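Shown below: run-v7.txt, with compact mmCIF, C-alpha atoms and all ligand atoms.
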# COMPACT_ATOMS: atom_id res chain seq x y z
CA MET A 1 -18.28 31.61 -33.47
CA ARG A 2 -15.79 32.24 -30.65
CA THR A 3 -16.99 33.54 -27.33
CA ALA A 4 -15.18 36.04 -25.14
CA ASP A 5 -15.84 38.59 -22.43
CA ALA A 6 -13.94 41.22 -24.36
CA VAL A 7 -12.35 41.66 -27.78
CA VAL A 8 -9.54 44.16 -28.15
CA VAL A 9 -8.61 45.31 -31.66
CA GLY A 10 -4.94 46.11 -32.36
CA GLY A 11 -1.73 44.56 -31.03
CA GLY A 12 0.17 47.78 -30.40
CA THR A 13 1.10 49.09 -26.99
CA VAL A 14 -2.38 50.52 -26.32
CA GLY A 15 -4.40 47.46 -27.34
CA ALA A 16 -2.01 44.94 -25.84
CA TRP A 17 -1.67 46.58 -22.44
CA CYS A 18 -5.44 47.16 -22.44
CA ALA A 19 -6.10 43.46 -23.05
CA TYR A 20 -3.67 42.61 -20.25
CA PHE A 21 -5.40 45.04 -17.84
CA LEU A 22 -8.83 43.63 -18.73
CA ARG A 23 -7.56 40.17 -17.88
CA GLN A 24 -5.98 41.47 -14.67
CA ALA A 25 -9.33 43.00 -13.76
CA GLY A 26 -10.81 39.52 -13.77
CA LEU A 27 -12.33 38.97 -17.19
CA ALA A 28 -11.99 35.26 -17.90
CA ARG A 29 -11.76 35.40 -21.70
CA VAL A 30 -10.04 38.31 -23.38
CA VAL A 31 -9.22 38.02 -27.08
CA LEU A 32 -6.75 40.36 -28.80
CA ILE A 33 -7.00 40.51 -32.57
CA GLU A 34 -4.13 41.93 -34.60
CA LYS A 35 -4.36 41.99 -38.37
CA GLY A 36 -0.60 41.47 -38.76
CA GLN A 37 1.83 40.74 -35.96
CA LEU A 38 2.08 42.19 -32.46
CA GLY A 39 3.95 45.49 -32.58
CA GLN A 40 3.97 45.89 -36.33
CA GLY A 41 2.40 49.36 -36.16
CA ALA A 42 3.92 52.43 -34.55
CA SER A 43 4.77 50.68 -31.29
CA SER A 44 7.92 48.88 -32.44
CA ARG A 45 9.25 51.91 -34.36
CA ALA A 46 9.06 54.61 -31.69
CA ALA A 47 11.86 56.54 -30.03
CA GLY A 48 10.67 55.58 -26.56
CA VAL A 49 10.63 58.98 -24.85
CA VAL A 50 8.65 59.02 -21.61
CA ARG A 51 8.11 62.32 -19.87
CA MET A 52 5.97 63.50 -17.00
CA GLN A 53 6.62 67.07 -18.12
CA GLY A 54 3.31 67.24 -19.96
CA GLY A 55 1.62 70.28 -21.41
CA THR A 56 -1.78 69.63 -19.81
CA PRO A 57 -2.89 68.01 -16.53
CA GLU A 58 -4.14 65.00 -18.53
CA ALA A 59 -0.73 64.59 -20.17
CA VAL A 60 1.03 64.82 -16.81
CA LYS A 61 -1.23 62.23 -15.18
CA LEU A 62 -0.87 59.77 -18.04
CA GLY A 63 2.91 60.25 -17.99
CA GLN A 64 3.03 59.68 -14.24
CA TRP A 65 0.85 56.57 -14.41
CA SER A 66 2.79 55.07 -17.31
CA ARG A 67 6.18 55.74 -15.70
CA GLN A 68 5.02 54.06 -12.46
CA PHE A 69 3.81 51.10 -14.48
CA TYR A 70 7.16 50.80 -16.28
CA LEU A 71 8.90 50.84 -12.89
CA ARG A 72 6.77 48.04 -11.42
CA GLN A 73 6.64 45.80 -14.50
CA ARG A 74 9.45 43.47 -13.47
CA ASP A 75 7.70 42.60 -10.21
CA GLU A 76 4.33 42.29 -11.92
CA ILE A 77 5.13 40.41 -15.12
CA GLY A 78 8.73 39.21 -14.75
CA THR A 79 10.15 41.44 -17.47
CA ASP A 80 10.01 45.13 -18.38
CA SER A 81 10.00 47.69 -21.18
CA GLY A 82 13.53 48.86 -20.37
CA PHE A 83 12.62 52.16 -18.71
CA THR A 84 15.80 54.17 -18.10
CA GLU A 85 15.65 57.24 -15.90
CA GLN A 86 17.73 59.66 -17.93
CA GLY A 87 16.50 63.14 -17.03
CA TYR A 88 14.79 65.40 -19.57
CA LEU A 89 15.67 69.01 -20.32
CA ILE A 90 13.32 71.34 -22.17
CA PRO A 91 15.46 74.39 -22.98
CA CYS A 92 14.10 77.88 -23.60
CA PHE A 93 15.47 80.08 -26.36
CA THR A 94 13.12 83.09 -26.17
CA GLY A 95 11.38 85.11 -23.50
CA ALA A 96 8.07 83.64 -24.61
CA ASP A 97 9.51 80.14 -24.12
CA VAL A 98 10.51 81.07 -20.57
CA ALA A 99 7.08 82.44 -19.69
CA ALA A 100 5.33 79.35 -21.09
CA ALA A 101 7.79 77.00 -19.37
CA ARG A 102 7.32 78.64 -15.98
CA GLU A 103 3.55 78.42 -16.32
CA ARG A 104 3.77 74.75 -17.29
CA MET A 105 6.13 74.06 -14.44
CA ALA A 106 3.67 75.51 -11.91
CA MET A 107 0.95 73.17 -13.23
CA GLN A 108 3.32 70.17 -13.25
CA THR A 109 4.65 70.88 -9.76
CA GLY A 110 1.08 71.17 -8.48
CA LEU A 111 0.53 67.60 -9.70
CA GLY A 112 3.66 66.33 -7.95
CA VAL A 113 6.16 66.21 -10.83
CA PRO A 114 9.67 66.86 -9.50
CA VAL A 115 10.48 69.34 -12.26
CA ARG A 116 12.84 72.24 -11.59
CA TRP A 117 13.93 75.38 -13.33
CA LEU A 118 17.56 75.54 -14.45
CA GLU A 119 19.28 78.86 -14.96
CA PRO A 120 21.33 79.14 -18.19
CA ALA A 121 24.60 78.22 -16.44
CA GLU A 122 22.94 75.19 -14.83
CA VAL A 123 21.63 74.07 -18.23
CA ASP A 124 25.21 74.08 -19.52
CA GLN A 125 26.36 72.22 -16.44
CA VAL A 126 23.68 69.52 -16.62
CA ASN A 127 24.30 69.05 -20.33
CA PRO A 128 27.96 69.53 -21.24
CA THR A 129 27.31 68.41 -24.84
CA LEU A 130 25.03 71.40 -25.47
CA ALA A 131 26.70 74.42 -27.11
CA PRO A 132 27.25 76.71 -24.09
CA GLY A 133 25.47 80.00 -23.57
CA ARG A 134 22.64 79.24 -25.97
CA THR A 135 19.65 79.02 -23.69
CA LEU A 136 17.70 81.31 -21.37
CA GLY A 137 17.34 78.38 -18.98
CA GLY A 138 14.98 75.44 -19.09
CA THR A 139 12.92 72.96 -17.17
CA PHE A 140 14.45 69.68 -16.06
CA CYS A 141 12.94 66.53 -14.60
CA ALA A 142 15.48 63.96 -13.45
CA GLN A 143 12.81 61.23 -13.31
CA ASP A 144 11.83 61.42 -16.98
CA GLY A 145 13.42 58.82 -19.22
CA TYR A 146 12.89 56.44 -22.08
CA ILE A 147 11.84 52.89 -22.78
CA ARG A 148 13.13 50.59 -25.51
CA PRO A 149 10.17 50.17 -27.87
CA PRO A 150 11.06 46.68 -29.20
CA ARG A 151 11.55 45.56 -25.60
CA ASN A 152 8.13 46.99 -24.76
CA VAL A 153 6.62 44.83 -27.50
CA ALA A 154 8.43 41.83 -26.02
CA ALA A 155 7.23 42.77 -22.52
CA TYR A 156 3.58 43.03 -23.52
CA THR A 157 3.82 39.79 -25.49
CA VAL A 158 5.03 38.05 -22.33
CA ALA A 159 2.32 39.76 -20.26
CA LEU A 160 -0.42 38.74 -22.70
CA LEU A 161 0.64 35.13 -22.86
CA ARG A 162 1.34 34.74 -19.14
CA SER A 163 -1.94 36.35 -18.15
CA GLY A 164 -3.91 34.13 -20.50
CA VAL A 165 -5.11 36.64 -23.09
CA GLU A 166 -5.91 34.82 -26.30
CA VAL A 167 -3.78 36.47 -28.98
CA LEU A 168 -4.93 36.09 -32.58
CA GLU A 169 -2.31 37.39 -35.01
CA GLY A 170 -3.17 37.70 -38.67
CA VAL A 171 -6.81 38.30 -37.84
CA ALA A 172 -8.35 41.58 -38.97
CA PHE A 173 -11.29 43.36 -37.40
CA ARG A 174 -14.06 43.78 -39.98
CA GLY A 175 -16.78 45.49 -38.02
CA LEU A 176 -19.21 45.29 -35.15
CA ILE A 177 -22.02 42.77 -35.06
CA PRO A 178 -24.81 42.63 -32.51
CA GLY A 179 -23.12 41.22 -29.40
CA GLY A 180 -19.57 41.20 -30.69
CA ALA A 181 -17.11 41.70 -33.52
CA ASP A 182 -16.71 40.37 -37.03
CA THR A 183 -13.19 39.35 -38.06
CA GLY A 184 -11.40 37.86 -41.04
CA GLU A 185 -11.62 34.53 -39.20
CA GLY A 186 -15.28 34.69 -38.30
CA ARG A 187 -17.38 36.22 -35.57
CA ILE A 188 -16.48 36.68 -31.94
CA ASP A 189 -19.32 36.89 -29.50
CA ALA A 190 -18.21 39.37 -26.81
CA GLY A 191 -19.85 41.71 -24.37
CA LEU A 192 -17.14 44.36 -24.69
CA VAL A 193 -15.14 45.61 -27.67
CA VAL A 194 -12.15 47.96 -27.41
CA LEU A 195 -10.98 49.67 -30.58
CA THR A 196 -7.35 50.77 -31.01
CA GLY A 197 -5.30 51.06 -34.19
CA GLY A 198 -2.74 53.83 -33.75
CA PRO A 199 -2.30 55.53 -37.14
CA LYS A 200 -5.08 53.28 -38.50
CA LEU A 201 -7.63 54.05 -35.83
CA ALA A 202 -9.81 56.09 -38.19
CA GLU A 203 -10.00 53.07 -40.50
CA VAL A 204 -10.83 50.75 -37.59
CA GLY A 205 -13.51 53.27 -36.61
CA ARG A 206 -14.97 53.31 -40.13
CA LEU A 207 -15.25 49.52 -40.02
CA ALA A 208 -17.19 49.92 -36.79
CA GLY A 209 -19.39 52.63 -38.29
CA LEU A 210 -17.76 55.37 -36.21
CA ARG A 211 -16.10 58.61 -37.25
CA ILE A 212 -12.87 58.82 -35.26
CA PRO A 213 -10.75 61.89 -35.95
CA ALA A 214 -7.33 60.27 -35.70
CA GLY A 215 -4.60 60.39 -38.30
CA GLY A 216 -1.14 59.23 -39.24
CA VAL A 217 1.83 61.27 -40.40
CA ARG A 218 5.47 60.59 -41.18
CA HIS A 219 7.93 60.85 -38.31
CA GLN A 220 11.68 60.25 -38.61
CA VAL A 221 14.31 58.99 -36.23
CA ALA A 222 18.08 58.61 -36.68
CA VAL A 223 20.97 57.39 -34.53
CA THR A 224 24.46 58.87 -34.75
CA GLU A 225 27.73 57.03 -34.51
CA ARG A 226 29.25 56.68 -31.09
CA HIS A 227 31.41 59.35 -29.49
CA PRO A 228 32.96 59.44 -26.00
CA ASP A 229 31.36 62.86 -25.35
CA LEU A 230 27.96 61.25 -25.79
CA ASP A 231 28.33 58.93 -22.85
CA PRO A 232 24.86 58.58 -21.25
CA GLY A 233 26.21 60.12 -18.02
CA ARG A 234 26.74 63.41 -19.86
CA VAL A 235 23.59 63.55 -22.01
CA PRO A 236 20.15 64.17 -20.58
CA MET A 237 17.30 63.87 -23.05
CA VAL A 238 16.46 67.20 -24.68
CA PHE A 239 13.32 68.51 -26.40
CA ASP A 240 13.94 71.47 -28.69
CA LEU A 241 10.28 72.33 -28.76
CA ALA A 242 10.28 75.03 -31.43
CA ALA A 243 12.11 72.80 -33.90
CA GLY A 244 10.16 69.65 -33.04
CA LEU A 245 13.51 67.96 -32.46
CA TYR A 246 14.34 65.72 -29.51
CA TRP A 247 17.23 63.48 -28.62
CA ARG A 248 18.45 60.96 -26.09
CA PRO A 249 21.49 58.75 -25.66
CA GLU A 250 21.53 55.50 -27.61
CA GLU A 251 24.35 52.95 -27.61
CA GLY A 252 27.10 55.56 -27.22
CA GLY A 253 25.62 57.93 -29.78
CA LEU A 254 22.52 60.12 -29.96
CA LEU A 255 19.09 59.03 -31.10
CA PHE A 256 17.20 62.02 -32.47
CA GLY A 257 13.65 62.28 -33.70
CA MET A 258 11.92 65.02 -35.60
CA SER A 259 8.47 66.06 -36.72
CA ASN A 260 8.13 68.31 -39.72
CA PRO A 261 5.29 70.76 -38.99
CA ASP A 262 4.66 71.01 -42.76
CA GLU A 263 4.45 67.26 -43.30
CA PRO A 264 1.14 66.41 -45.02
CA PRO A 265 -1.01 63.89 -43.14
CA GLY A 266 -1.00 60.34 -44.43
CA GLU A 267 0.99 57.15 -44.21
CA ASN A 268 4.59 57.49 -45.29
CA ARG A 269 7.64 55.41 -44.41
CA GLU A 270 10.13 56.88 -46.89
CA VAL A 271 13.05 58.80 -45.40
CA ASP A 272 12.85 62.53 -46.17
CA GLU A 273 16.54 63.30 -46.77
CA ALA A 274 16.02 67.05 -47.13
CA TYR A 275 14.27 67.34 -43.78
CA LEU A 276 16.80 65.04 -42.17
CA THR A 277 19.58 67.33 -43.39
CA ARG A 278 17.85 70.35 -41.83
CA MET A 279 17.44 68.58 -38.53
CA ARG A 280 21.04 67.38 -38.59
CA ALA A 281 22.12 71.01 -39.00
CA ARG A 282 19.93 72.08 -36.05
CA LEU A 283 21.30 69.22 -33.94
CA ALA A 284 24.91 70.07 -34.88
CA ASP A 285 24.26 73.69 -33.97
CA LEU A 286 23.06 72.72 -30.50
CA VAL A 287 25.26 69.63 -29.96
CA PRO A 288 28.44 70.47 -31.93
CA VAL A 289 30.06 67.08 -31.45
CA THR A 290 27.42 65.50 -33.69
CA ALA A 291 28.49 67.59 -36.74
CA ALA A 292 31.28 65.18 -37.62
CA LEU A 293 29.40 61.98 -36.81
CA GLY A 294 27.86 59.68 -39.38
CA LEU A 295 24.49 58.02 -38.91
CA ARG A 296 24.19 54.37 -37.97
CA ARG A 297 20.46 54.06 -38.44
CA ILE A 298 17.66 56.12 -39.97
CA TRP A 299 14.01 55.21 -40.16
CA ALA A 300 10.72 56.82 -41.03
CA ALA A 301 7.39 55.53 -39.77
CA THR A 302 3.81 56.65 -39.52
CA ILE A 303 2.98 58.13 -36.15
CA ASP A 304 -0.57 58.45 -34.85
CA TYR A 305 -2.03 61.84 -33.91
CA THR A 306 -5.30 63.47 -32.99
CA PRO A 307 -6.32 67.01 -34.00
CA ASP A 308 -5.69 68.40 -30.49
CA HIS A 309 -2.73 66.05 -29.92
CA LEU A 310 -4.45 64.64 -26.85
CA PRO A 311 -5.50 61.04 -26.23
CA ILE A 312 -8.93 59.60 -26.98
CA ILE A 313 -10.39 57.52 -24.16
CA GLY A 314 -14.09 56.89 -24.01
CA ARG A 315 -17.08 54.82 -24.94
CA ALA A 316 -18.36 55.21 -28.48
CA PRO A 317 -21.39 57.50 -28.60
CA GLY A 318 -24.54 55.40 -28.28
CA LEU A 319 -22.58 52.15 -27.98
CA ASP A 320 -21.88 51.51 -24.33
CA HIS A 321 -20.14 48.21 -25.01
CA VAL A 322 -17.58 49.78 -27.39
CA THR A 323 -14.59 51.75 -26.08
CA VAL A 324 -12.13 53.73 -28.21
CA ALA A 325 -8.49 54.35 -27.22
CA SER A 326 -5.71 56.35 -28.79
CA ALA A 327 -2.54 57.74 -27.24
CA GLY A 328 -2.50 60.60 -29.76
CA GLY A 329 1.12 60.07 -30.83
CA ALA A 330 2.50 59.62 -27.33
CA GLY A 331 2.02 55.91 -26.80
CA MET A 332 5.38 55.31 -25.15
CA MET A 333 4.82 58.18 -22.76
CA TRP A 334 1.08 57.71 -22.14
CA GLY A 335 0.29 54.25 -23.58
CA PRO A 336 -0.03 52.15 -20.42
CA GLY A 337 -2.06 54.91 -18.73
CA VAL A 338 -4.35 55.19 -21.75
CA ALA A 339 -4.66 51.38 -21.89
CA ARG A 340 -5.52 51.08 -18.22
CA ALA A 341 -8.00 53.94 -18.37
CA ALA A 342 -9.62 52.40 -21.46
CA ALA A 343 -9.89 49.02 -19.71
CA ASP A 344 -11.51 50.67 -16.68
CA VAL A 345 -13.90 52.69 -18.85
CA ALA A 346 -14.85 49.57 -20.82
CA LEU A 347 -15.61 47.72 -17.58
CA THR A 348 -17.19 50.39 -15.39
CA GLY A 349 -17.48 53.64 -17.36
CA LYS A 350 -14.93 55.38 -15.13
CA THR A 351 -11.31 55.23 -14.05
CA ASP A 352 -9.07 56.64 -11.36
CA VAL A 353 -6.10 57.08 -13.75
CA LEU A 354 -7.44 60.53 -14.72
CA ASP A 355 -10.67 62.33 -15.47
CA VAL A 356 -11.55 61.00 -18.91
CA ALA A 357 -14.80 62.98 -19.26
CA PRO A 358 -13.19 65.56 -21.61
CA LEU A 359 -11.29 62.97 -23.66
CA GLY A 360 -14.10 61.16 -25.46
CA LEU A 361 -15.11 61.34 -29.12
CA ASP A 362 -17.82 63.85 -28.24
CA ARG A 363 -15.19 66.61 -27.99
CA PHE A 364 -14.87 66.64 -31.79
CA ASP A 365 -17.30 68.34 -34.14
CA GLU A 366 -18.38 66.99 -37.53
CA ALA A 367 -15.22 68.30 -39.17
CA GLY A 368 -13.01 66.71 -36.52
CA HIS A 369 -12.19 69.97 -34.72
CA SER A 370 -11.75 69.57 -30.99
CA ARG A 371 -13.22 71.88 -28.41
CA LEU A 372 -10.10 71.33 -26.26
CA ALA A 373 -6.99 73.46 -26.61
CA THR A 374 -4.11 71.70 -28.36
CA ASP A 375 -1.43 70.21 -26.10
CA PRO A 376 1.16 73.02 -26.08
CA ILE A 377 4.19 70.75 -25.93
CA ALA A 378 3.25 67.92 -28.21
CA LEU A 379 5.30 67.36 -31.33
CA PRO A 380 4.20 69.71 -34.12
CA PHE A 381 1.62 67.30 -35.55
CA PRO A 382 -1.01 68.37 -38.08
CA GLU A 383 -4.28 69.68 -36.67
CA ARG A 384 -6.38 68.24 -39.47
CA ILE A 385 -6.98 64.64 -40.46
CA SER A 386 -6.11 63.11 -43.82
CA GLU A 387 -9.09 62.13 -45.93
CA SER A 388 -7.19 59.11 -47.25
C1 LIG B 401 9.03 57.01 -35.46
C2 LIG B 401 8.15 57.12 -34.24
C3 LIG B 401 8.69 57.61 -33.05
C4 LIG B 401 7.87 57.72 -31.92
N1 LIG B 401 8.43 58.12 -30.73
C5 LIG B 401 7.66 58.21 -29.62
C6 LIG B 401 8.23 58.60 -28.39
O1 LIG B 401 9.43 58.86 -28.28
N2 LIG B 401 7.41 58.69 -27.31
C7 LIG B 401 6.07 58.42 -27.39
O2 LIG B 401 5.38 58.53 -26.39
N3 LIG B 401 5.51 58.00 -28.54
C8 LIG B 401 6.28 57.90 -29.66
N4 LIG B 401 5.73 57.48 -30.84
C9 LIG B 401 4.27 57.23 -30.87
C10 LIG B 401 3.94 55.84 -30.38
O3 LIG B 401 4.75 54.90 -31.03
C11 LIG B 401 2.47 55.57 -30.67
O4 LIG B 401 1.67 56.56 -30.05
C12 LIG B 401 2.01 54.20 -30.15
O5 LIG B 401 2.87 53.20 -30.60
C13 LIG B 401 0.59 53.92 -30.61
O6 LIG B 401 0.23 52.66 -30.12
P1 LIG B 401 -1.09 51.96 -30.63
O7 LIG B 401 -1.17 50.67 -29.94
O8 LIG B 401 -2.22 52.92 -30.50
O9 LIG B 401 -0.86 51.82 -32.19
P2 LIG B 401 0.08 50.76 -33.06
O10 LIG B 401 1.33 50.44 -32.35
O11 LIG B 401 0.19 51.36 -34.40
O12 LIG B 401 -0.81 49.48 -33.06
C14 LIG B 401 -2.05 49.42 -33.74
C15 LIG B 401 -2.19 48.02 -34.27
O13 LIG B 401 -3.49 47.87 -34.80
C16 LIG B 401 -3.39 46.97 -35.87
N5 LIG B 401 -4.56 47.12 -36.72
C17 LIG B 401 -4.88 48.14 -37.55
N6 LIG B 401 -6.03 47.90 -38.18
C18 LIG B 401 -6.48 46.69 -37.74
C19 LIG B 401 -7.63 45.89 -38.01
N7 LIG B 401 -8.58 46.27 -38.89
N8 LIG B 401 -7.76 44.72 -37.36
C20 LIG B 401 -6.83 44.30 -36.47
N9 LIG B 401 -5.71 45.01 -36.18
C21 LIG B 401 -5.55 46.20 -36.79
C22 LIG B 401 -2.10 47.39 -36.57
O14 LIG B 401 -1.60 46.35 -37.41
C23 LIG B 401 -1.21 47.69 -35.39
O15 LIG B 401 -0.39 46.62 -35.01
C24 LIG B 401 6.51 57.34 -31.98
C25 LIG B 401 5.99 56.83 -33.18
C26 LIG B 401 6.79 56.72 -34.30
C27 LIG B 401 6.22 56.18 -35.56
Written as structure tokens, that's how I'd like the structure from this file.
Amino acid sequence: MRTADAVVVGGGTVGAWCAYFLRQAGLARVVLIEKGQLGQGASSRAAGVVRMQGGTPEAVKLGQWSRQFYLRQRDEIGTDSGFTEQGYLIPCFTGADVAAARERMAMQTGLGVPVRWLEPAEVDQVNPTLAPGRTLGGTFCAQDGYIRPPRNVAAYTVALLRSGVEVLEGVAFRGLIPGGADTGEGRIDAGLVVLTGGPKLAEVGRLAGLRIPAGGVRHQVAVTERHPDLDPGRVPMVFDLAAGLYWRPEEGGLLFGMSNPDEPPGENREVDEAYLTRMRARLADLVPVTAALGLRRIWAATIDYTPDHLPIIGRAPGLDHVTVASAGGAGMMWGPGVARAAADVALTGKTDVLDVAPLGLDRFDEAGHSRLATDPIALPFPERISES
């Protein structure tokens, strides 16, 4: 039987940063258990987009907190997740898009996000790779950017080891026991348990006897060949909201990611060529230079989501020593904020990262429906959870 102050399940960005924050908060013995290797879930396969231009106040606050954390990492831990301030444009193509964007912008500005409205000509000026004259304007935040997901895994590995978190790879969580957690390598006696798991969080929850409405669904990313027009100085990140398509510069080409709104929930890492072809056509329509470019890399991975596409942060109902954390498919953008809030909630029941009262498991009914409105600018994830 090992003894710890806290056990954190899952070595992705949420669990790892949470374990680090628990240690920073003064817990002497924090154990992180990961059934495989650190980063082997969604966290190493992400596109890395980090935006403060959130669709809800919670999303904005988590984006702001996480971006600040990425900026101070080098001073705090001696390395960083590679945050690059690239600027993020969310273009509008219809009158309804414009109305929604202006409403969002008012909320974001009220929370201190330096987002501004660009008229159509300014959109073309800020992004000379975009086919001109296509938009009705858009919102732009110069401080949004991206991290490099594999570098984030390296950064949290360094942080865990340097801060003295005990990392147990190849050790699976099997369930809760009175006063701790059961694992594939025996019991760990611990006063606090934090459950994460990304796309596998529902399974982790089942092992703990909890119903957690969290799912996984296929998400694809590809990187084009290089082209001089795609120099990072000319390409802000762009989110084509209606299509669920986003892109950013990557090694002289474009990295683009896509979520198929009709994708059935469930794990899937096979590339969907037909959907990729559709998204390539949409990208070529908006960024004509990409039409003639080959692809250097393509991957498909299972992304986590929640029914309302918002994070889960809260203590398990009736189990004050167990805290549940999910970034709801936005773990690059919100992960450190979710992790810090989860660490605070585990320790004290509250946090100053954001008001977590609405974000607990108690917002879901028996069928997994949330009483919160769905994040209006999340990727087009499913709103139901796979039974598998
Ligand atoms: C292709 C793709 C692109 C993405 N792009 C972006 C993006 O641009 N911006 C953004 O914000 N987000 C993005 N995401 C989402 C982001 O990657 C996730 O939200 C984030 O990585 C989730 O982190 P996590 O720690 O919760 O989960 P994970 O990284 O999946 O980690 C969970 C860990 O738990 C472990 N585990 C599971 N079960 C057990 C068990 N029983 N015992 C012990 N360990 C267990 C797993 O092995 C895994 O390592 C993307 C995701 C994908 C797949």
Nearby polymer residues, ligand LIG 401 (chain B), at most 6 Å, all atoms listed in the file, as a VMD selection string: chain A and resid 9 to 15 33 to 36 38 to 43 45 to 50 172 to 173 196 to 200 204 219 to 221 300 to 304 326 to 333
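The space between atom CA of A:Phe69 and atom CA of A:Pro114 spans 17.5 Å.
Taking only C-alpha atoms into account, A:Leu32 lies nearest to A:Glu166 out of the set A:Glu119, A:Asp344, A:Glu85, A:Glu166.
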d(atom CA of A:Val165, atom CA of A:Leu354) in Å: 25.4 Å
Interatomic distance, atom CA of A:Gly252 to atom CA of A:Ala274 (Å, one decimal):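 Rounded to one decimal, the two atoms are 25.5 Å apart.
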For stretch 158-168 of chain A, take all atoms listed in the file, fit an axis-aligned box around them, add 4 Å to each of the six sides, then output centre and edge lengths in Å rounded to one decimal, as lines of an AutoDock Vina configuration file.
center_x = -0.4
center_y = 36.9
center_z = -25.4
size_x = 18.9
size_y = 13.6
size_z = 22.4
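Minimum atom-to-atom distances from A:Glu251, A:Ala19, A:Ala6, A:Ala181 to A:Leu161 were compared using only C-alpha atoms, and the lowest value belongs to A:Ala19.
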Which residue of A:Val289, A:Leu22, A:Ala284, A:Val158 approaches A:Pro228 most closely, using only C-alpha atoms: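 Ranked by minimum distance to A:Pro228, first place goes to A:Val289.
Using only C-alpha atoms, the smallest distance between any of A:Gln86, A:Gln53, A:Ser66, A:Ser81 and A:Ala339 comes from A:Ser66.
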Residue among A:Cys18, A:Ile177, A:Ala190, A:Val113 lying closest to A:Ala59, counting only C-alpha atoms: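 For A:Ala59, the nearest of the given residues is A:Val113.
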Neighbour list for A:Ala155 as a PyMOL selection string, cut-off 9 Å, all atoms listed in the file, skip fewer than 5 positions in-chain: chain A and resi 73+77-81+150+160
Put those residues in a file: C-alpha atoms, as a compact mmCIF listing (two decimals), in the frame of the given file.
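Just written: result.txt:
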# COMPACT_ATOMS: atom_id res chain seq x y z
CA GLN A 73 6.64 45.80 -14.50
CA ILE A 77 5.13 40.41 -15.12
CA GLY A 78 8.73 39.21 -14.75
CA THR A 79 10.15 41.44 -17.47
CA ASP A 80 10.01 45.13 -18.38
CA SER A 81 10.00 47.69 -21.18
CA PRO A 150 11.06 46.68 -29.20
CA LEU A 160 -0.42 38.74 -22.70
Test item: which residues lie within 7 Å of (1.4, 69.5, -40.7) counting only C-alpha atoms, as a list in words: Asn260, Pro261, Asp262, Glu263, Pro264, Pro265, Phe381, Pro382 and Glu383 of chain A
Your completed stretch 63-72 of chain A with N, CA, C and O atoms, as a PDB file, keeping the file's coordinate frame:
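File produced: selection-v4.pdb:
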ATOM      1  N   GLY A  63       1.463  60.476 -18.064  1.00  0.00           N
ATOM      2  CA  GLY A  63       2.910  60.250 -17.990  1.00  0.00           C
ATOM      3  C   GLY A  63       3.300  59.661 -16.647  1.00  0.00           C
ATOM      4  O   GLY A  63       4.104  58.724 -16.568  1.00  0.00           O
ATOM      5  N   GLN A  64       2.709  60.196 -15.585  1.00  0.00           N
ATOM      6  CA  GLN A  64       3.030  59.680 -14.240  1.00  0.00           C
ATOM      7  C   GLN A  64       2.584  58.234 -14.103  1.00  0.00           C
ATOM      8  O   GLN A  64       3.328  57.395 -13.596  1.00  0.00           O
ATOM      9  N   TRP A  65       1.373  57.932 -14.558  1.00  0.00           N
ATOM     10  CA  TRP A  65       0.850  56.570 -14.410  1.00  0.00           C
ATOM     11  C   TRP A  65       1.705  55.585 -15.211  1.00  0.00           C
ATOM     12  O   TRP A  65       2.069  54.515 -14.722  1.00  0.00           O
ATOM     13  N   SER A  66       2.031  55.980 -16.431  1.00  0.00           N
ATOM     14  CA  SER A  66       2.790  55.070 -17.310  1.00  0.00           C
ATOM     15  C   SER A  66       4.192  54.841 -16.752  1.00  0.00           C
ATOM     16  O   SER A  66       4.680  53.705 -16.745  1.00  0.00           O
ATOM     17  N   ARG A  67       4.831  55.907 -16.267  1.00  0.00           N
ATOM     18  CA  ARG A  67       6.180  55.740 -15.700  1.00  0.00           C
ATOM     19  C   ARG A  67       6.140  54.786 -14.495  1.00  0.00           C
ATOM     20  O   ARG A  67       6.981  53.891 -14.360  1.00  0.00           O
ATOM     21  N   GLN A  68       5.141  54.962 -13.620  1.00  0.00           N
ATOM     22  CA  GLN A  68       5.020  54.060 -12.460  1.00  0.00           C
ATOM     23  C   GLN A  68       4.826  52.622 -12.921  1.00  0.00           C
ATOM     24  O   GLN A  68       5.382  51.692 -12.342  1.00  0.00           O
ATOM     25  N   PHE A  69       4.038  52.454 -13.966  1.00  0.00           N
ATOM     26  CA  PHE A  69       3.810  51.100 -14.480  1.00  0.00           C
ATOM     27  C   PHE A  69       5.126  50.507 -15.005  1.00  0.00           C
ATOM     28  O   PHE A  69       5.453  49.352 -14.711  1.00  0.00           O
ATOM     29  N   TYR A  70       5.872  51.305 -15.768  1.00  0.00           N
ATOM     30  CA  TYR A  70       7.160  50.800 -16.280  1.00  0.00           C
ATOM     31  C   TYR A  70       8.076  50.383 -15.118  1.00  0.00           C
ATOM     32  O   TYR A  70       8.792  49.393 -15.218  1.00  0.00           O
ATOM     33  N   LEU A  71       8.020  51.146 -14.020  1.00  0.00           N
ATOM     34  CA  LEU A  71       8.900  50.840 -12.890  1.00  0.00           C
ATOM     35  C   LEU A  71       8.498  49.554 -12.170  1.00  0.00           C
ATOM     36  O   LEU A  71       9.350  48.873 -11.600  1.00  0.00           O
ATOM     37  N   ARG A  72       7.196  49.228 -12.184  1.00  0.00           N
ATOM     38  CA  ARG A  72       6.770  48.040 -11.420  1.00  0.00           C
ATOM     39  C   ARG A  72       6.605  46.786 -12.295  1.00  0.00           C
ATOM     40  O   ARG A  72       6.252  45.713 -11.799  1.00  0.00           O
TER      41      ARG A  72
END
